[in-house]
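**Q** Please find entry-v3.cif (mmCIF, C-alpha atoms) on the next line:
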data_entry
loop_
_atom_site.group_PDB
_atom_site.id
_atom_site.type_symbol
_atom_site.label_atom_id
_atom_site.label_comp_id
_atom_site.auth_asym_id
_atom_site.auth_seq_id
_atom_site.Cartn_x
_atom_site.Cartn_y
_atom_site.Cartn_z
ATOM 1 C CA MET A 4 0.000 0.000 0.000
ATOM 2 C CA ILE A 5 1.436 3.290 -1.102
ATOM 3 C CA TRP A 6 0.319 6.619 0.331
ATOM 4 C CA ALA A 7 1.639 9.539 -1.653
ATOM 5 C CA VAL A 8 1.133 13.132 -0.574
ATOM 6 C CA ILE A 9 1.717 15.281 -3.639
ATOM 7 C CA ARG A 10 0.960 18.709 -5.031
ATOM 8 C CA PRO A 11 -2.604 18.999 -6.382
ATOM 9 C CA GLU A 12 -1.239 20.453 -9.608
ATOM 10 C CA SER A 13 0.974 17.433 -10.228
ATOM 11 C CA ALA A 14 -1.706 14.878 -9.334
ATOM 12 C CA GLN A 15 -3.092 14.552 -12.829
ATOM 13 C CA ARG A 16 0.374 14.097 -14.279
ATOM 14 C CA VAL A 17 1.144 11.354 -11.784
ATOM 15 C CA ILE A 18 -2.169 9.635 -12.488
ATOM 16 C CA ASN A 19 -1.619 9.736 -16.248
ATOM 17 C CA ALA A 20 1.848 8.277 -15.870
ATOM 18 C CA LEU A 21 0.536 5.492 -13.626
ATOM 19 C CA ASP A 22 -2.157 4.835 -16.223
ATOM 20 C CA VAL A 23 0.433 4.375 -18.901
ATOM 21 C CA ALA A 24 2.259 1.934 -16.648
ATOM 22 C CA GLY A 25 -0.942 -0.065 -16.222
ATOM 23 C CA ILE A 26 -1.645 0.946 -12.640
ATOM 24 C CA GLY A 27 -5.283 1.949 -12.848
ATOM 25 C CA GLY A 28 -6.802 1.492 -9.417
ATOM 26 C CA MET A 29 -6.277 4.213 -6.875
ATOM 27 C CA THR A 30 -8.060 6.476 -4.422
ATOM 28 C CA ARG A 31 -7.637 10.240 -4.165
ATOM 29 C CA ILE A 32 -8.116 12.194 -0.992
ATOM 30 C CA HIS A 33 -7.958 15.942 -0.744
ATOM 31 C CA VAL A 34 -5.975 16.864 2.360
ATOM 32 C CA THR A 35 -4.207 19.837 3.876
ATOM 33 C CA GLY A 36 -0.981 19.770 5.770
ATOM 34 C CA HIS A 37 2.470 21.110 6.251
ATOM 35 C CA GLY A 38 5.975 19.778 6.453
ATOM 36 C CA LYS A 39 8.819 20.805 8.680
ATOM 37 C CA GLU A 40 8.779 24.260 7.061
ATOM 38 C CA MET A 41 5.443 24.852 8.860
ATOM 39 C CA GLY A 42 3.633 26.218 5.860
ATOM 40 C CA ILE A 43 4.545 29.059 3.599
ATOM 41 C CA THR A 44 4.661 32.860 3.843
ATOM 42 C CA LEU A 45 3.547 34.738 0.769
ATOM 43 C CA GLY A 46 3.908 38.475 1.234
ATOM 44 C CA ALA A 47 2.437 39.360 4.600
ATOM 45 C CA VAL A 48 0.278 36.254 4.865
ATOM 46 C CA HIS A 49 1.425 33.024 6.442
ATOM 47 C CA TYR A 50 -0.366 29.909 5.239
ATOM 48 C CA LYS A 51 0.120 27.189 7.803
ATOM 49 C CA GLU A 52 -1.791 24.478 6.014
ATOM 50 C CA ILE A 53 -1.244 23.860 2.347
ATOM 51 C CA PRO A 54 -3.658 21.900 0.178
ATOM 52 C CA LYS A 55 -2.271 18.595 -1.040
ATOM 53 C CA GLU A 56 -3.580 15.562 -2.793
ATOM 54 C CA MET A 57 -3.128 12.141 -1.209
ATOM 55 C CA LEU A 58 -3.143 9.053 -3.417
ATOM 56 C CA MET A 59 -3.700 5.610 -1.964
ATOM 57 C CA ILE A 60 -2.545 2.851 -4.269
ATOM 58 C CA VAL A 61 -2.377 -0.843 -3.496
ATOM 59 C CA VAL A 62 -0.121 -2.812 -5.826
ATOM 60 C CA PRO A 63 1.538 -6.236 -5.778
ATOM 61 C CA ASP A 64 4.975 -6.273 -4.120
ATOM 62 C CA ASN A 65 6.745 -6.498 -7.485
ATOM 63 C CA ASP A 66 5.205 -3.247 -8.659
ATOM 64 C CA VAL A 67 6.020 -1.143 -5.604
ATOM 65 C CA ALA A 68 9.421 0.050 -6.801
ATOM 66 C CA LYS A 69 8.046 0.900 -10.227
ATOM 67 C CA THR A 70 5.090 2.797 -8.773
ATOM 68 C CA VAL A 71 7.251 4.781 -6.368
ATOM 69 C CA MET A 72 9.635 5.650 -9.192
ATOM 70 C CA ILE A 73 6.820 6.909 -11.404
ATOM 71 C CA ILE A 74 5.320 9.016 -8.627
ATOM 72 C CA ARG A 75 8.731 10.478 -7.803
ATOM 73 C CA ALA A 76 9.491 11.306 -11.398
ATOM 74 C CA GLU A 77 6.150 12.974 -12.052
ATOM 75 C CA ALA A 78 5.529 14.723 -8.730
ATOM 76 C CA LYS A 79 8.835 16.554 -8.819
ATOM 77 C CA THR A 80 8.436 20.168 -9.871
ATOM 78 C CA ARG A 81 10.428 21.193 -12.871
ATOM 79 C CA SER A 82 11.150 24.895 -12.804
ATOM 80 C CA LYS A 83 13.908 26.899 -14.411
ATOM 81 C CA ASN A 84 15.493 27.546 -11.030
ATOM 82 C CA THR A 85 15.569 23.926 -9.988
ATOM 83 C CA PRO A 86 16.046 21.812 -13.075
ATOM 84 C CA GLY A 87 15.176 18.273 -12.165
ATOM 85 C CA ASN A 88 15.816 18.760 -8.472
ATOM 86 C CA GLY A 89 12.300 19.475 -7.344
ATOM 87 C CA THR A 90 11.279 21.986 -4.709
ATOM 88 C CA ILE A 91 10.241 21.949 -1.077
ATOM 89 C CA GLY A 92 6.655 20.779 -0.861
ATOM 90 C CA ASP A 93 6.744 18.280 -3.683
ATOM 91 C CA GLY A 94 5.483 15.697 -1.225
ATOM 92 C CA LYS A 95 6.288 12.380 0.350
ATOM 93 C CA ILE A 96 5.617 8.756 -0.428
ATOM 94 C CA PHE A 97 4.905 6.223 2.293
ATOM 95 C CA VAL A 98 4.891 2.486 1.734
ATOM 96 C CA THR A 99 3.235 0.072 4.165
ATOM 97 C CA TYR A 100 2.146 -3.549 4.203
ATOM 98 C CA VAL A 101 -1.254 -4.896 3.345
ATOM 99 C CA GLU A 102 -1.826 -8.297 4.894
ATOM 100 C CA ASP A 103 -5.040 -9.123 3.114
ATOM 101 C CA THR A 104 -7.155 -7.787 0.274
ATOM 102 C CA PHE A 105 -10.829 -8.539 -0.285
ATOM 103 C CA ALA A 106 -12.689 -7.627 -3.437
ATOM 104 C CA ILE A 107 -16.238 -7.003 -2.296
ATOM 105 C CA ARG A 108 -17.802 -7.778 -5.681
ATOM 106 C CA ALA A 109 -16.285 -11.234 -5.737
ATOM 107 C CA ALA A 110 -16.996 -11.595 -2.002
ATOM 108 C CA GLY A 111 -13.641 -13.226 -1.660
ATOM 109 C CA LYS A 112 -9.946 -12.715 -1.544
ATOM 110 C CA ALA A 113 -8.133 -10.976 -4.360
ATOM 111 C CA GLY A 114 -4.502 -10.459 -4.998
ATOM 112 C CA GLY A 115 -2.829 -7.282 -6.137
ATOM 113 C CA THR A 116 -4.760 -4.128 -6.882
ATOM 114 C CA MET B 7 -4.219 -5.237 16.098
ATOM 115 C CA LYS B 8 -5.207 -4.506 12.507
ATOM 116 C CA GLN B 9 -6.208 -1.478 10.557
ATOM 117 C CA ILE B 10 -9.088 -2.036 8.162
ATOM 118 C CA ILE B 11 -9.314 0.307 5.193
ATOM 119 C CA ALA B 12 -12.261 -0.164 2.884
ATOM 120 C CA ILE B 13 -13.397 1.682 -0.222
ATOM 121 C CA LEU B 14 -17.180 1.640 -0.409
ATOM 122 C CA ARG B 15 -20.083 2.973 -2.404
ATOM 123 C CA ASP B 16 -21.540 6.194 -1.032
ATOM 124 C CA GLU B 17 -25.019 4.778 -0.810
ATOM 125 C CA ARG B 18 -23.930 1.688 1.128
ATOM 126 C CA VAL B 19 -22.383 3.588 3.986
ATOM 127 C CA GLU B 20 -25.545 3.612 6.088
ATOM 128 C CA ASP B 21 -25.969 -0.153 5.617
ATOM 129 C CA THR B 22 -22.353 -0.629 6.574
ATOM 130 C CA LYS B 23 -22.755 1.457 9.695
ATOM 131 C CA ALA B 24 -25.810 -0.552 10.685
ATOM 132 C CA ALA B 25 -24.009 -3.840 10.082
ATOM 133 C CA LEU B 26 -21.036 -2.770 12.172
ATOM 134 C CA GLU B 27 -23.301 -1.475 14.898
ATOM 135 C CA SER B 28 -25.034 -4.826 15.129
ATOM 136 C CA LEU B 29 -21.603 -6.363 15.719
ATOM 137 C CA GLY B 30 -21.024 -3.878 18.512
ATOM 138 C CA VAL B 31 -18.300 -2.126 16.563
ATOM 139 C CA LEU B 32 -18.789 1.600 16.994
ATOM 140 C CA GLY B 33 -15.435 3.242 16.344
ATOM 141 C CA VAL B 34 -15.309 3.951 12.628
ATOM 142 C CA THR B 35 -14.074 6.842 10.512
ATOM 143 C CA PHE B 36 -15.533 7.616 7.096
ATOM 144 C CA LEU B 37 -13.839 9.853 4.560
ATOM 145 C CA TYR B 38 -15.170 11.318 1.351
ATOM 146 C CA VAL B 39 -12.744 10.257 -1.360
ATOM 147 C CA THR B 40 -12.687 9.808 -5.090
ATOM 148 C CA GLY B 41 -11.326 6.710 -6.687
ATOM 149 C CA ARG B 42 -11.344 4.254 -9.479
ATOM 150 C CA GLY B 43 -10.590 0.619 -10.017
ATOM 151 C CA GLN B 44 -8.974 -1.349 -12.773
ATOM 152 C CA GLN B 45 -11.657 -0.249 -15.235
ATOM 153 C CA LYS B 46 -10.505 3.348 -14.626
ATOM 154 C CA GLY B 47 -14.034 4.666 -14.300
ATOM 155 C CA GLU B 48 -14.655 3.637 -17.896
ATOM 156 C CA VAL B 49 -18.073 2.198 -17.181
ATOM 157 C CA ASN B 50 -19.435 5.607 -16.318
ATOM 158 C CA ALA B 51 -17.367 7.452 -18.884
ATOM 159 C CA ARG B 52 -18.972 5.312 -21.597
ATOM 160 C CA GLY B 53 -22.331 6.082 -20.053
ATOM 161 C CA LEU B 54 -21.821 9.676 -21.110
ATOM 162 C CA GLY B 55 -21.873 8.545 -24.715
ATOM 163 C CA GLY B 56 -25.279 6.971 -24.171
ATOM 164 C CA SER B 57 -24.157 3.351 -24.489
ATOM 165 C CA LEU B 58 -24.067 2.607 -20.789
ATOM 166 C CA ASP B 59 -24.786 -0.934 -19.762
ATOM 167 C CA ARG B 60 -27.179 -0.227 -16.941
ATOM 168 C CA ASN B 61 -26.469 -3.513 -15.272
ATOM 169 C CA LEU B 62 -22.922 -2.418 -14.604
ATOM 170 C CA CYS B 63 -23.913 0.646 -12.670
ATOM 171 C CA MET B 64 -26.174 1.487 -9.751
ATOM 172 C CA PRO B 65 -29.385 3.033 -11.159
ATOM 173 C CA HIS B 66 -29.145 6.330 -9.348
ATOM 174 C CA GLU B 67 -25.453 6.615 -10.158
ATOM 175 C CA CYS B 68 -26.498 6.620 -13.803
ATOM 176 C CA THR B 69 -29.047 9.359 -13.306
ATOM 177 C CA ALA B 70 -26.586 11.422 -11.301
ATOM 178 C CA VAL B 71 -23.972 11.170 -14.007
ATOM 179 C CA GLU B 72 -26.410 11.809 -16.816
ATOM 180 C CA SER B 73 -28.157 14.756 -15.243
ATOM 181 C CA SER B 74 -24.934 16.512 -14.333
ATOM 182 C CA HIS B 75 -23.703 15.790 -17.834
ATOM 183 C CA ASP B 76 -26.791 17.422 -19.352
ATOM 184 C CA SER B 77 -26.476 20.545 -17.262
ATOM 185 C CA ILE B 78 -22.820 20.890 -18.151
ATOM 186 C CA GLN B 79 -23.580 20.481 -21.834
ATOM 187 C CA GLU B 80 -26.282 23.116 -21.636
ATOM 188 C CA GLU B 81 -24.078 25.573 -19.852
ATOM 189 C CA ALA B 82 -20.951 25.064 -21.855
ATOM 190 C CA GLY B 83 -22.452 24.077 -25.183
ATOM 191 C CA SER B 84 -19.131 22.520 -26.089
ATOM 192 C CA PRO B 85 -17.292 19.242 -25.616
ATOM 193 C CA LEU B 86 -16.609 18.388 -22.009
ATOM 194 C CA HIS B 87 -13.893 20.342 -20.328
ATOM 195 C CA SER B 88 -10.921 18.259 -19.261
ATOM 196 C CA ASP B 89 -11.778 18.863 -15.601
ATOM 197 C CA THR B 90 -15.198 17.391 -16.233
ATOM 198 C CA GLU B 91 -13.801 14.290 -17.825
ATOM 199 C CA PHE B 92 -11.573 13.943 -14.851
ATOM 200 C CA ALA B 93 -14.523 14.208 -12.491
ATOM 201 C CA PHE B 94 -16.145 11.215 -14.148
ATOM 202 C CA ASP B 95 -12.884 9.390 -14.282
ATOM 203 C CA PHE B 96 -12.612 9.403 -10.509
ATOM 204 C CA LEU B 97 -15.915 8.455 -8.941
ATOM 205 C CA PRO B 98 -17.057 9.612 -5.517
ATOM 206 C CA LYS B 99 -16.522 6.903 -2.942
ATOM 207 C CA ARG B 100 -16.280 6.576 0.815
ATOM 208 C CA MET B 101 -13.262 5.300 2.643
ATOM 209 C CA LEU B 102 -13.799 3.460 5.893
ATOM 210 C CA ILE B 103 -10.913 3.426 8.330
ATOM 211 C CA MET B 104 -10.987 1.538 11.583
ATOM 212 C CA VAL B 105 -8.730 -0.352 13.927
ATOM 213 C CA ALA B 106 -9.776 -3.661 15.416
ATOM 214 C CA CYS B 107 -8.178 -6.354 17.536
ATOM 215 C CA ASP B 108 -7.032 -9.446 15.643
ATOM 216 C CA GLU B 109 -9.930 -11.698 16.708
ATOM 217 C CA GLU B 110 -12.580 -9.298 15.434
ATOM 218 C CA VAL B 111 -11.102 -8.640 12.004
ATOM 219 C CA ASN B 112 -12.739 -11.567 10.215
ATOM 220 C CA ARG B 113 -16.198 -10.793 11.557
ATOM 221 C CA ILE B 114 -15.860 -7.129 10.623
ATOM 222 C CA VAL B 115 -14.620 -7.857 7.103
ATOM 223 C CA GLU B 116 -17.486 -10.280 6.605
ATOM 224 C CA ALA B 117 -19.976 -7.661 7.751
ATOM 225 C CA ILE B 118 -18.487 -5.008 5.473
ATOM 226 C CA VAL B 119 -18.473 -7.333 2.473
ATOM 227 C CA ASN B 120 -22.053 -8.475 3.065
ATOM 228 C CA ALA B 121 -23.312 -4.916 3.498
ATOM 229 C CA ASN B 122 -21.651 -3.771 0.265
ATOM 230 C CA LEU B 123 -22.090 -6.741 -2.017
ATOM 231 C CA THR B 124 -24.111 -5.958 -5.141
ATOM 232 C CA GLY B 125 -22.061 -8.045 -7.563
ATOM 233 C CA ARG B 126 -21.486 -5.051 -9.819
ATOM 234 C CA ARG B 127 -18.278 -3.302 -10.629
ATOM 235 C CA GLY B 128 -17.352 -0.674 -8.117
ATOM 236 C CA ASP B 129 -18.365 -2.566 -5.001
ATOM 237 C CA GLY B 130 -14.994 -1.702 -3.508
ATOM 238 C CA ARG B 131 -12.116 -3.324 -1.695
ATOM 239 C CA VAL B 132 -11.174 -4.097 1.863
ATOM 240 C CA PHE B 133 -7.550 -3.899 2.903
ATOM 241 C CA ILE B 134 -6.138 -5.284 6.139
ATOM 242 C CA CYS B 135 -2.949 -3.649 7.373
ATOM 243 C CA PRO B 136 -0.922 -4.253 10.512
ATOM 244 C CA MET B 137 -1.324 -1.629 13.220
ATOM 245 C CA ILE B 138 1.276 -1.452 15.935
ATOM 246 C CA SER B 139 -0.546 0.278 18.746
ATOM 247 C CA ALA B 140 -3.434 2.502 19.684
ATOM 248 C CA ILE B 141 -3.579 5.105 22.419
ATOM 249 C CA ARG B 142 -6.718 6.666 23.833
ATOM 250 C CA VAL B 143 -6.021 10.354 24.106
ATOM 251 C CA ARG B 144 -8.327 10.953 27.074
ATOM 252 C CA THR B 145 -6.869 8.331 29.406
ATOM 253 C CA GLY B 146 -3.587 7.284 27.811
ATOM 254 C CA GLU B 147 -4.683 3.616 27.692
ATOM 255 C CA GLN B 148 -2.700 1.617 25.170
ATOM 256 C CA GLY B 149 -3.208 -1.388 22.919
ATOM 257 C CA ASN B 150 -6.484 -3.319 22.807
ATOM 258 C CA LYS B 151 -7.733 -1.484 25.886
ATOM 259 C CA ALA B 152 -7.791 1.705 23.841
ATOM 260 C CA LEU B 153 -10.113 0.062 21.325
ATOM 261 C CA SER B 154 -12.852 -1.193 23.630
#
Could you render the structure from this file as structure tokens?
**A**
Amino acid sequence: MIWAVIRPESAQRVINALDVAGIGGMTRIHVTGHGKEMGITLGAVHYKEIPKEMLMIVVPDNDVAKTVMIIRAEAKTRSKNTPGNGTIGDGKIFVTYVEDTFAIRAAGKAGGT
Amino acid sequence: MKQIIAILRDERVEDTKAALESLGVLGVTFLYVTGRGQQKGEVNARGLGGSLDRNLCMPHECTAVESSHDSIQEEAGSPLHSDTEFAFDFLPKRMLIMVACDEEVNRIVEAIVNANLTGRRGDGRVFICPMISAIRVRTGEQGNKALS
């Protein structure tokens, strides 16, 4: 199970790239949060919580590395100032175990996504 | 201790709540999420073209999709905006999150599956993940005690 917190503006790019790689099933959650920078100050206004998009993807073990790589590649911001290096706030990816998966439609166990 | 994460149909949430309540399981969190499965929301996307197989979709899901589609077409008078396509791509779902002690997991999963089973695409998934500990904020109780 992969939880990825990414920029809302890069979400569609990530999803398209996962599509191309054949990873279709996922859940999107709109969240707000901040990292260790505690938000962002734009002019005189300090925004403590920044909108992010959280993707939950469950894939077979063999696909985890591929999925993480795709998310990393696509969620990184590409600006002139930071070519290919990304910027603070691009997000984080968390990977945890799933012990069991049940597909409700089949009322039984299912492997993979 | 296990964490149970389930993706469910919106309209089955009340049934699910009732089923869990009858098991005596009361601590549940529901989130509004959007999601799609392996069919990538295609079932409903095709429905926009008028060739929807109604058996594949809950009846009132169809009407919801169609009516919103009509209103958008009337307003815009042009092919669907990319944001709109996206909205149909990811369908509104509910995510159930709860933590249960090991012995209860099977009963809970069974209840969730039974409450959500329609046999159609989009019924959802249930995931079981390990959970290391739980702490009740009010009292500081840990482990299974924090769940009861």
**Q** Find the residue from A:Gly28, A:Pro11, A:Gly36, A:Gly46 that sits nearest to Arg131 (chain B); use all atoms listed in the file when measuring.
**A** A:Gly28
**Q** Can you check which parts of chain B lie within 8 Å of chain A? Per residue, the shortest pair of atoms and distance in Å to one decimal, counting only C-alpha atoms, sorted by chain and number, as a Markdown table.
**A**
| residue | atom | partner | partner_atom | distance |
| --- | --- | --- | --- | --- |
| B:Tyr38 | CA | A:Ile32 | CA | 7.5 |
| B:Val39 | CA | A:Ile32 | CA | 5.0 |
| B:Thr40 | CA | A:Arg31 | CA | 5.2 |
| B:Gly41 | CA | A:Thr30 | CA | 4.0 |
| B:Arg42 | CA | A:Gly28 | CA | 5.3 |
| B:Gly43 | CA | A:Gly28 | CA | 3.9 |
| B:Gln44 | CA | A:Gly28 | CA | 4.9 |
| B:Gln45 | CA | A:Gly27 | CA | 7.2 |
| B:Lys46 | CA | A:Gly27 | CA | 5.7 |
| B:Val119 | CA | A:Ile107 | CA | 5.3 |
| B:Asn120 | CA | A:Ala110 | CA | 7.8 |
| B:Asn122 | CA | A:Ile107 | CA | 6.8 |
| B:Leu123 | CA | A:Arg108 | CA | 5.7 |
| B:Thr124 | CA | A:Arg108 | CA | 6.6 |
| B:Gly125 | CA | A:Arg108 | CA | 4.7 |
| B:Arg126 | CA | A:Arg108 | CA | 6.2 |
| B:Arg127 | CA | A:Arg108 | CA | 6.7 |
| B:Gly128 | CA | A:Arg108 | CA | 7.5 |
| B:Asp129 | CA | A:Arg108 | CA | 5.3 |
| B:Gly130 | CA | A:Ile107 | CA | 5.6 |
| B:Arg131 | CA | A:Ala106 | CA | 4.7 |
| B:Val132 | CA | A:Phe105 | CA | 4.9 |
| B:Phe133 | CA | A:Thr104 | CA | 4.7 |
| B:Ile134 | CA | A:Asp103 | CA | 5.0 |
| B:Cys135 | CA | A:Val101 | CA | 4.5 |
| B:Pro136 | CA | A:Glu102 | CA | 7.0 |
**Q** Let me know the residues the PyMOL selection byres ((chain A and resi 75) around 12) catches in the file above, as a PyMOL selection string.
**A** chain A and resi 7-10+13-14+16-18+20-21+68-74+76-81+87-89+93-97
**Q** Go ahead and write the residues just picked, C-alpha atoms, as a PDB file, in the frame of the given file.
**A**
ATOM      1  CA  ALA A   7       1.639   9.539  -1.653  1.00  0.00           C
ATOM      2  CA  VAL A   8       1.133  13.132  -0.574  1.00  0.00           C
ATOM      3  CA  ILE A   9       1.717  15.281  -3.639  1.00  0.00           C
ATOM      4  CA  ARG A  10       0.960  18.709  -5.031  1.00  0.00           C
ATOM      5  CA  SER A  13       0.974  17.433 -10.228  1.00  0.00           C
ATOM      6  CA  ALA A  14      -1.706  14.878  -9.334  1.00  0.00           C
ATOM      7  CA  ARG A  16       0.374  14.097 -14.279  1.00  0.00           C
ATOM      8  CA  VAL A  17       1.144  11.354 -11.784  1.00  0.00           C
ATOM      9  CA  ILE A  18      -2.169   9.635 -12.488  1.00  0.00           C
ATOM     10  CA  ALA A  20       1.848   8.277 -15.870  1.00  0.00           C
ATOM     11  CA  LEU A  21       0.536   5.492 -13.626  1.00  0.00           C
ATOM     12  CA  ALA A  68       9.421   0.050  -6.801  1.00  0.00           C
ATOM     13  CA  LYS A  69       8.046   0.900 -10.227  1.00  0.00           C
ATOM     14  CA  THR A  70       5.090   2.797  -8.773  1.00  0.00           C
ATOM     15  CA  VAL A  71       7.251   4.781  -6.368  1.00  0.00           C
ATOM     16  CA  MET A  72       9.635   5.650  -9.192  1.00  0.00           C
ATOM     17  CA  ILE A  73       6.820   6.909 -11.404  1.00  0.00           C
ATOM     18  CA  ILE A  74       5.320   9.016  -8.627  1.00  0.00           C
ATOM     19  CA  ALA A  76       9.491  11.306 -11.398  1.00  0.00           C
ATOM     20  CA  GLU A  77       6.150  12.974 -12.052  1.00  0.00           C
ATOM     21  CA  ALA A  78       5.529  14.723  -8.730  1.00  0.00           C
ATOM     22  CA  LYS A  79       8.835  16.554  -8.819  1.00  0.00           C
ATOM     23  CA  THR A  80       8.436  20.168  -9.871  1.00  0.00           C
ATOM     24  CA  ARG A  81      10.428  21.193 -12.871  1.00  0.00           C
ATOM     25  CA  GLY A  87      15.176  18.273 -12.165  1.00  0.00           C
ATOM     26  CA  ASN A  88      15.816  18.760  -8.472  1.00  0.00           C
ATOM     27  CA  GLY A  89      12.300  19.475  -7.344  1.00  0.00           C
ATOM     28  CA  ASP A  93       6.744  18.280  -3.683  1.00  0.00           C
ATOM     29  CA  GLY A  94       5.483  15.697  -1.225  1.00  0.00           C
ATOM     30  CA  LYS A  95       6.288  12.380   0.350  1.00  0.00           C
ATOM     31  CA  ILE A  96       5.617   8.756  -0.428  1.00  0.00           C
ATOM     32  CA  PHE A  97       4.905   6.223   2.293  1.00  0.00           C
TER      33      PHE A  97
END
**Q** To one decimal place in Å, what is the distance between CA of Asp64 (chain A) and CA of Ala106 (chain B)?
**A**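 Calculated distance between CA of Asp64 (chain A) and CA of Ala106 (chain B) is 24.6 Å.
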**Q** What is the distance between CA of Arg18 (chain B) and CA of Arg100 (chain B), in Å to one decimal?
**A**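 Here the two named atoms are 9.1 Å from each other.
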**Q** Using CA of Leu153 (chain B) and CA of Ile138 (chain B) as the two end points, give the distance in Å to one decimal.
**A**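 Between CA of Leu153 (chain B) and CA of Ile138 (chain B) the gap is 12.7 Å.
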**Q** Produce the centre coordinates and the three edge lengths, each in Å to one decimal, of the box along x, y and z that contains all listed atoms of region 91-109 of chain A with 3 Å added on each side, as lines of an AutoDock Vina configuration file.
**A**
center_x = -3.8
center_y = 5.4
center_z = -0.4
size_x = 34.0
size_y = 39.2
size_z = 16.6
**Q** May I have the residues within 10 Å of Val111 (chain B) as a PDB file with C-alpha atoms, keeping the file's coordinate frame, using all atoms listed in the file and disregarding those fewer than 4 positions away in the same chain?
**A**
ATOM      1  CA  MET B   7      -4.219  -5.237  16.098  1.00  0.00           C
ATOM      2  CA  LYS B   8      -5.207  -4.506  12.507  1.00  0.00           C
ATOM      3  CA  GLN B   9      -6.208  -1.478  10.557  1.00  0.00           C
ATOM      4  CA  ILE B  10      -9.088  -2.036   8.162  1.00  0.00           C
ATOM      5  CA  VAL B 105      -8.730  -0.352  13.927  1.00  0.00           C
ATOM      6  CA  ALA B 106      -9.776  -3.661  15.416  1.00  0.00           C
ATOM      7  CA  CYS B 107      -8.178  -6.354  17.536  1.00  0.00           C
ATOM      8  CA  VAL B 115     -14.620  -7.857   7.103  1.00  0.00           C
ATOM      9  CA  GLU B 116     -17.486 -10.280   6.605  1.00  0.00           C
ATOM     10  CA  ALA B 117     -19.976  -7.661   7.751  1.00  0.00           C
ATOM     11  CA  ILE B 134      -6.138  -5.284   6.139  1.00  0.00           C
TER      12      ILE B 134
END
**Q** In the coordinate frame of the file, compute which residues have an atom within 10 Å of (-22.2, 3.3, 10.1) when using only C-alpha atoms, and state them as a short mmCIF file (atom, residue, chain, number, x, y, z; two decimals) with C-alpha atoms, in the frame of the given file.
**A**
data_model
loop_
_atom_site.label_atom_id
_atom_site.label_comp_id
_atom_site.auth_asym_id
_atom_site.auth_seq_id
_atom_site.Cartn_x
_atom_site.Cartn_y
_atom_site.Cartn_z
CA ARG B 18 -23.93 1.69 1.13
CA VAL B 19 -22.38 3.59 3.99
CA GLU B 20 -25.54 3.61 6.09
CA ASP B 21 -25.97 -0.15 5.62
CA THR B 22 -22.35 -0.63 6.57
CA LYS B 23 -22.76 1.46 9.70
CA ALA B 24 -25.81 -0.55 10.68
CA ALA B 25 -24.01 -3.84 10.08
CA LEU B 26 -21.04 -2.77 12.17
CA GLU B 27 -23.30 -1.48 14.90
CA SER B 28 -25.03 -4.83 15.13
CA VAL B 31 -18.30 -2.13 16.56
CA LEU B 32 -18.79 1.60 16.99
CA GLY B 33 -15.44 3.24 16.34
CA VAL B 34 -15.31 3.95 12.63
CA THR B 35 -14.07 6.84 10.51
CA PHE B 36 -15.53 7.62 7.10
CA LEU B 102 -13.80 3.46 5.89
#
**Q** I need the residue nearest His37 (chain A) from this list: A:Ile5, A:Ala24, A:Ile53, A:Val62. Use all atoms listed in the file for the distance.
**A**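 Nearest candidate to His37 (chain A) out of A:Ile5, A:Ala24, A:Ile53, A:Val62: A:Ile53.
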